[in-house]
Amino acid sequence: LYVLNKYHRRTIAIRAKMSGLVKKLISGDRAAISKVITILEEGLPGSREIYSRLYRVGGNPFVVGFAGPPGSGKSTLINCLAKEFRSRGMKVGVVAVDPSSPLSGGALLGDRVRMLERSLDEGVFIRSMASRGSTGGLSVSTRKAILVLGAAGYDTIFVETVGVGQTELDIARVADVTVVVLMPQTGDEIQAMKAGLLEIGDVFAMNKSDLQGSDMAVLQLNLFLKEKEGRKPPVIRTVASSCRGVEMLALALLDLKKNWKGKRGRKEQRATDELRETVRVRFERLLEKRLANDRKLALVMKRVADGRLDPESAADIVLQRLLYGVE
Ligand SMILES: Nc1nc2c(ncn2[C@@H]2O[C@H](COP(=O)(O)OP(=O)(O)O)[C@@H](O)[C@H]2O)c(=O)[nH]1
Ligand SMILES: [Mg+2]
């Protein structure tokens, strides 16, 4: 009974603390925002409680994702856009996602310094996230950061990933609108086509248009682009280092936002997406854990490895056991 009481007291203490944190966060307290993102990201005690509370508070921020090869100017462009949106009275959150490794840590740090000037402004909040988990885990934690910032009153959220490949494409599932940032001279438009970037872009920025070859690059890109939801994605030329063309880009985004606002069901779609993804990620973790720890399943694996059991039949056994606890 004593132990139970102790446990109970602890739970109540955590609850009170979390509810205090959430209140602070909603009032815009920056330290509270940071802390809550960390709690959710790392699944610390109280994270479920906070998550549910925040989910009820809601907020429906406009989420813009940025994809494109490293060095094309995503961070610089976001800097300019943050200024642009601020001048229109919007509160801007920036989530910089580093899916990988200590390797890109340096680059991200560089970004942070560059973005620091913006973070001095009360209406801008910048958060870097490093993900230890899978790509799925990455979009799960990015969604959580978006939830927190939305509840804290940030109505526009920019998400940048320094990752390439699948992580980069995943951004489109988290964002309402995706900007693909390319630059001339590197044959980016052809690379982009290969990498699946053309499909995820709602708007294209041909950044570094001060460099040679930008006319050609825009032309080529326009040739490659196909209609998406009944319209061809606009290609906007920018020079992020001096914020040239960024107003045009902002206007294109605001235009998309208008349509997006009119589209009912967007929020519903996002919610069910999040559910699917959360279940998928948790299921994957559960599967890995069970495959590593369950003796019976270890045996099944061994039989597959030895060629005594085929993978399809083995999968039946594994699923039966995972889902229904069948021996
Ligand atoms: N010439 C030129 N350089 C730019 C432009 N935009 C960004 N850069 C530079 O390109 C480099 C990479 O920019 P960054 O924003 O870090 O790219 P990211 O990796 O896509 O985030 C930086 O040195 C920027 O100063 C531009 O429009 N023109
Ligand atoms: Mg960057």
# chains A, B, ... in the order shown; residues from 1 in each chain; ligands from 1
>>> residues_near_ligand(ligand="ligand 1", cutoff="7 Å", atoms="only C-alpha atoms and all ligand atoms", output="list in words")
Gly68, Pro69, Pro70, Gly71, Ser72, Gly73, Lys74, Ser75, Thr76, Leu77, Asp111, Val162, Asn207, Lys208, Ser209, Asp210, Leu211, Thr238, Val239, Ala240, Ser241 and Ser242 of chain A
>>> atom_distance(atom1="CA of Glu229 (chain A)", atom2="CA of Trp260 (chain A)")
12.2 Å
>>> atom_distance(atom1="CA of Phe125 (chain A)", atom2="CA of Gly93 (chain A)")
4.7 Å
>>> select_by_dssp(residues="region 7-160 of chain A", states="alpha helix (DSSP H)", output="ChimeraX atom specification")
/A:7-26,30-42,47-57,74-87,102-119,135-151
>>> residues_around(residues="region 283-291 of chain A", least_positions_apart="6", cutoff="9 Å", atoms="only C-alpha atoms", output="PyMOL selection string")
chain A and resi 297-298+301+318+322
>>> write_last_selection(atoms="all heavy atoms", output="mmCIF file, in the first residue's frame")
data_model
loop_
_atom_site.group_PDB
_atom_site.id
_atom_site.type_symbol
_atom_site.label_atom_id
_atom_site.label_comp_id
_atom_site.auth_asym_id
_atom_site.auth_seq_id
_atom_site.Cartn_x
_atom_site.Cartn_y
_atom_site.Cartn_z
ATOM 1 N N LEU A 297 10.211 -17.386 -31.437
ATOM 2 C CA LEU A 297 10.421 -16.678 -32.703
ATOM 3 C C LEU A 297 11.861 -16.815 -33.181
ATOM 4 O O LEU A 297 12.122 -16.876 -34.381
ATOM 5 C CB LEU A 297 10.031 -15.199 -32.566
ATOM 6 C CG LEU A 297 8.528 -14.947 -32.379
ATOM 7 C CD1 LEU A 297 8.222 -13.458 -32.419
ATOM 8 C CD2 LEU A 297 7.701 -15.679 -33.422
ATOM 9 N N ALA A 298 12.781 -16.888 -32.213
ATOM 10 C CA ALA A 298 14.191 -17.094 -32.579
ATOM 11 C C ALA A 298 14.324 -18.432 -33.314
ATOM 12 O O ALA A 298 15.037 -18.549 -34.312
ATOM 13 C CB ALA A 298 15.067 -17.058 -31.343
ATOM 14 N N MET A 301 13.007 -18.096 -36.791
ATOM 15 C CA MET A 301 14.002 -17.411 -37.613
ATOM 16 C C MET A 301 15.095 -18.376 -38.036
ATOM 17 O O MET A 301 15.562 -18.355 -39.178
ATOM 18 C CB MET A 301 14.622 -16.261 -36.826
ATOM 19 C CG MET A 301 13.659 -15.124 -36.611
ATOM 20 S SD MET A 301 14.254 -13.612 -37.338
ATOM 21 C CE MET A 301 15.310 -13.054 -36.033
ATOM 22 N N VAL A 318 4.736 -15.868 -37.122
ATOM 23 C CA VAL A 318 5.151 -14.663 -36.383
ATOM 24 C C VAL A 318 3.942 -13.762 -36.109
ATOM 25 O O VAL A 318 3.720 -13.296 -34.991
ATOM 26 C CB VAL A 318 6.234 -13.879 -37.164
ATOM 27 C CG1 VAL A 318 6.504 -12.535 -36.503
ATOM 28 C CG2 VAL A 318 7.531 -14.684 -37.251
ATOM 29 N N LEU A 322 2.391 -12.588 -32.626
ATOM 30 C CA LEU A 322 2.407 -11.173 -32.240
ATOM 31 C C LEU A 322 1.000 -10.650 -31.971
ATOM 32 O O LEU A 322 0.748 -9.943 -31.001
ATOM 33 C CB LEU A 322 3.031 -10.322 -33.344
ATOM 34 C CG LEU A 322 4.553 -10.273 -33.418
ATOM 35 C CD1 LEU A 322 4.976 -9.345 -34.541
ATOM 36 C CD2 LEU A 322 5.134 -9.771 -32.099
#
>>> closest_residue(among="A:Val63, A:Val92, A:Leu299, A:Leu21", to="Asp176 (chain A)", atoms="only C-alpha atoms")
A:Val63
>>> select_by_dssp(residues="region 120-305 of chain A", states="strand (DSSP E)", output="PyMOL selection string")
chain A and resi 124-130+156-161+177-182+203-206+235-237
>>> closest_residue(among="A:Ala315, A:Val95, A:Ile157, A:Val300", to="ligand 2", atoms="only C-alpha atoms and all ligand atoms")
A:Val95
>>> closest_residue(among="A:Val181, A:Leu309, A:Val281, A:Leu275", to="ligand 2", atoms="only C-alpha atoms and all ligand atoms")
A:Val181
>>> residues_around(residues="region 36-49 of chain A", least_positions_apart="3", cutoff="9 Å", atoms="only C-alpha atoms", output="VMD selection string")
chain A and resid 11 14 to 15 17 to 19 21 to 22 25 31 to 33 52 to 54 127 129 131 140 to 142 144 to 145 148 to 149
>>> decode(residues="region 13-33 of chain A", atoms="N, CA, C and O atoms", output="mmCIF file, in the first residue's frame")
data_model
loop_
_atom_site.group_PDB
_atom_site.id
_atom_site.type_symbol
_atom_site.label_atom_id
_atom_site.label_comp_id
_atom_site.auth_asym_id
_atom_site.auth_seq_id
_atom_site.Cartn_x
_atom_site.Cartn_y
_atom_site.Cartn_z
ATOM 1 N N ALA A 13 2.235 14.349 -8.784
ATOM 2 C CA ALA A 13 3.244 15.405 -8.879
ATOM 3 C C ALA A 13 3.610 15.663 -10.333
ATOM 4 O O ALA A 13 3.674 16.812 -10.775
ATOM 5 N N ILE A 14 3.814 14.576 -11.075
ATOM 6 C CA ILE A 14 4.157 14.731 -12.498
ATOM 7 C C ILE A 14 3.028 15.434 -13.234
ATOM 8 O O ILE A 14 3.238 16.384 -13.973
ATOM 9 N N ARG A 15 1.789 14.994 -12.950
ATOM 10 C CA ARG A 15 0.630 15.605 -13.610
ATOM 11 C C ARG A 15 0.587 17.106 -13.397
ATOM 12 O O ARG A 15 0.400 17.875 -14.325
ATOM 13 N N ALA A 16 0.782 17.514 -12.128
ATOM 14 C CA ALA A 16 0.711 18.931 -11.790
ATOM 15 C C ALA A 16 1.799 19.693 -12.541
ATOM 16 O O ALA A 16 1.560 20.756 -13.112
ATOM 17 N N LYS A 17 2.974 19.084 -12.570
ATOM 18 C CA LYS A 17 4.097 19.738 -13.224
ATOM 19 C C LYS A 17 3.822 19.898 -14.721
ATOM 20 O O LYS A 17 4.071 20.944 -15.302
ATOM 21 N N MET A 18 3.272 18.815 -15.317
ATOM 22 C CA MET A 18 3.001 18.834 -16.750
ATOM 23 C C MET A 18 1.937 19.871 -17.086
ATOM 24 O O MET A 18 2.045 20.584 -18.073
ATOM 25 N N SER A 19 0.914 19.928 -16.220
ATOM 26 C CA SER A 19 -0.157 20.867 -16.511
ATOM 27 C C SER A 19 0.369 22.298 -16.405
ATOM 28 O O SER A 19 0.007 23.167 -17.200
ATOM 29 N N GLY A 20 1.288 22.530 -15.457
ATOM 30 C CA GLY A 20 1.932 23.838 -15.355
ATOM 31 C C GLY A 20 2.735 24.160 -16.613
ATOM 32 O O GLY A 20 2.655 25.266 -17.149
ATOM 33 N N LEU A 21 3.473 23.155 -17.066
ATOM 34 C CA LEU A 21 4.298 23.333 -18.268
ATOM 35 C C LEU A 21 3.449 23.679 -19.481
ATOM 36 O O LEU A 21 3.771 24.583 -20.247
ATOM 37 N N VAL A 22 2.343 22.933 -19.613
ATOM 38 C CA VAL A 22 1.468 23.154 -20.767
ATOM 39 C C VAL A 22 0.891 24.564 -20.734
ATOM 40 O O VAL A 22 0.819 25.251 -21.755
ATOM 41 N N LYS A 23 0.504 25.016 -19.533
ATOM 42 C CA LYS A 23 -0.043 26.379 -19.420
ATOM 43 C C LYS A 23 1.000 27.409 -19.855
ATOM 44 O O LYS A 23 0.697 28.349 -20.588
ATOM 45 N N LYS A 24 2.217 27.212 -19.380
ATOM 46 C CA LYS A 24 3.299 28.144 -19.743
ATOM 47 C C LYS A 24 3.516 28.141 -21.244
ATOM 48 O O LYS A 24 3.707 29.182 -21.862
ATOM 49 N N LEU A 25 3.516 26.946 -21.781
ATOM 50 C CA LEU A 25 3.753 26.786 -23.215
ATOM 51 C C LEU A 25 2.698 27.537 -24.026
ATOM 52 O O LEU A 25 3.016 28.244 -24.976
ATOM 53 N N ILE A 26 1.447 27.384 -23.612
ATOM 54 C CA ILE A 26 0.366 28.021 -24.354
ATOM 55 C C ILE A 26 0.487 29.543 -24.282
ATOM 56 O O ILE A 26 0.157 30.251 -25.219
ATOM 57 N N SER A 27 1.033 30.021 -23.148
ATOM 58 C CA SER A 27 1.219 31.473 -23.040
ATOM 59 C C SER A 27 2.462 31.925 -23.808
ATOM 60 O O SER A 27 2.788 33.102 -23.838
ATOM 61 N N GLY A 28 3.173 30.970 -24.398
ATOM 62 C CA GLY A 28 4.277 31.341 -25.293
ATOM 63 C C GLY A 28 5.656 31.306 -24.650
ATOM 64 O O GLY A 28 6.628 31.741 -25.262
ATOM 65 N N ASP A 29 5.742 30.783 -23.440
ATOM 66 C CA ASP A 29 7.026 30.710 -22.732
ATOM 67 C C ASP A 29 8.020 29.829 -23.495
ATOM 68 O O ASP A 29 7.806 28.636 -23.689
ATOM 69 N N ARG A 30 9.128 30.428 -23.924
ATOM 70 C CA ARG A 30 10.070 29.722 -24.806
ATOM 71 C C ARG A 30 10.752 28.539 -24.129
ATOM 72 O O ARG A 30 10.952 27.491 -24.742
ATOM 73 N N ALA A 31 11.107 28.723 -22.868
ATOM 74 C CA ALA A 31 11.770 27.635 -22.147
ATOM 75 C C ALA A 31 10.827 26.436 -22.046
ATOM 76 O O ALA A 31 11.233 25.285 -22.214
ATOM 77 N N ALA A 32 9.544 26.723 -21.780
ATOM 78 C CA ALA A 32 8.554 25.645 -21.654
ATOM 79 C C ALA A 32 8.382 24.929 -22.996
ATOM 80 O O ALA A 32 8.273 23.703 -23.048
ATOM 81 N N ILE A 33 8.389 25.699 -24.073
ATOM 82 C CA ILE A 33 8.237 25.090 -25.406
ATOM 83 C C ILE A 33 9.384 24.106 -25.662
ATOM 84 O O ILE A 33 9.164 22.955 -26.051
#
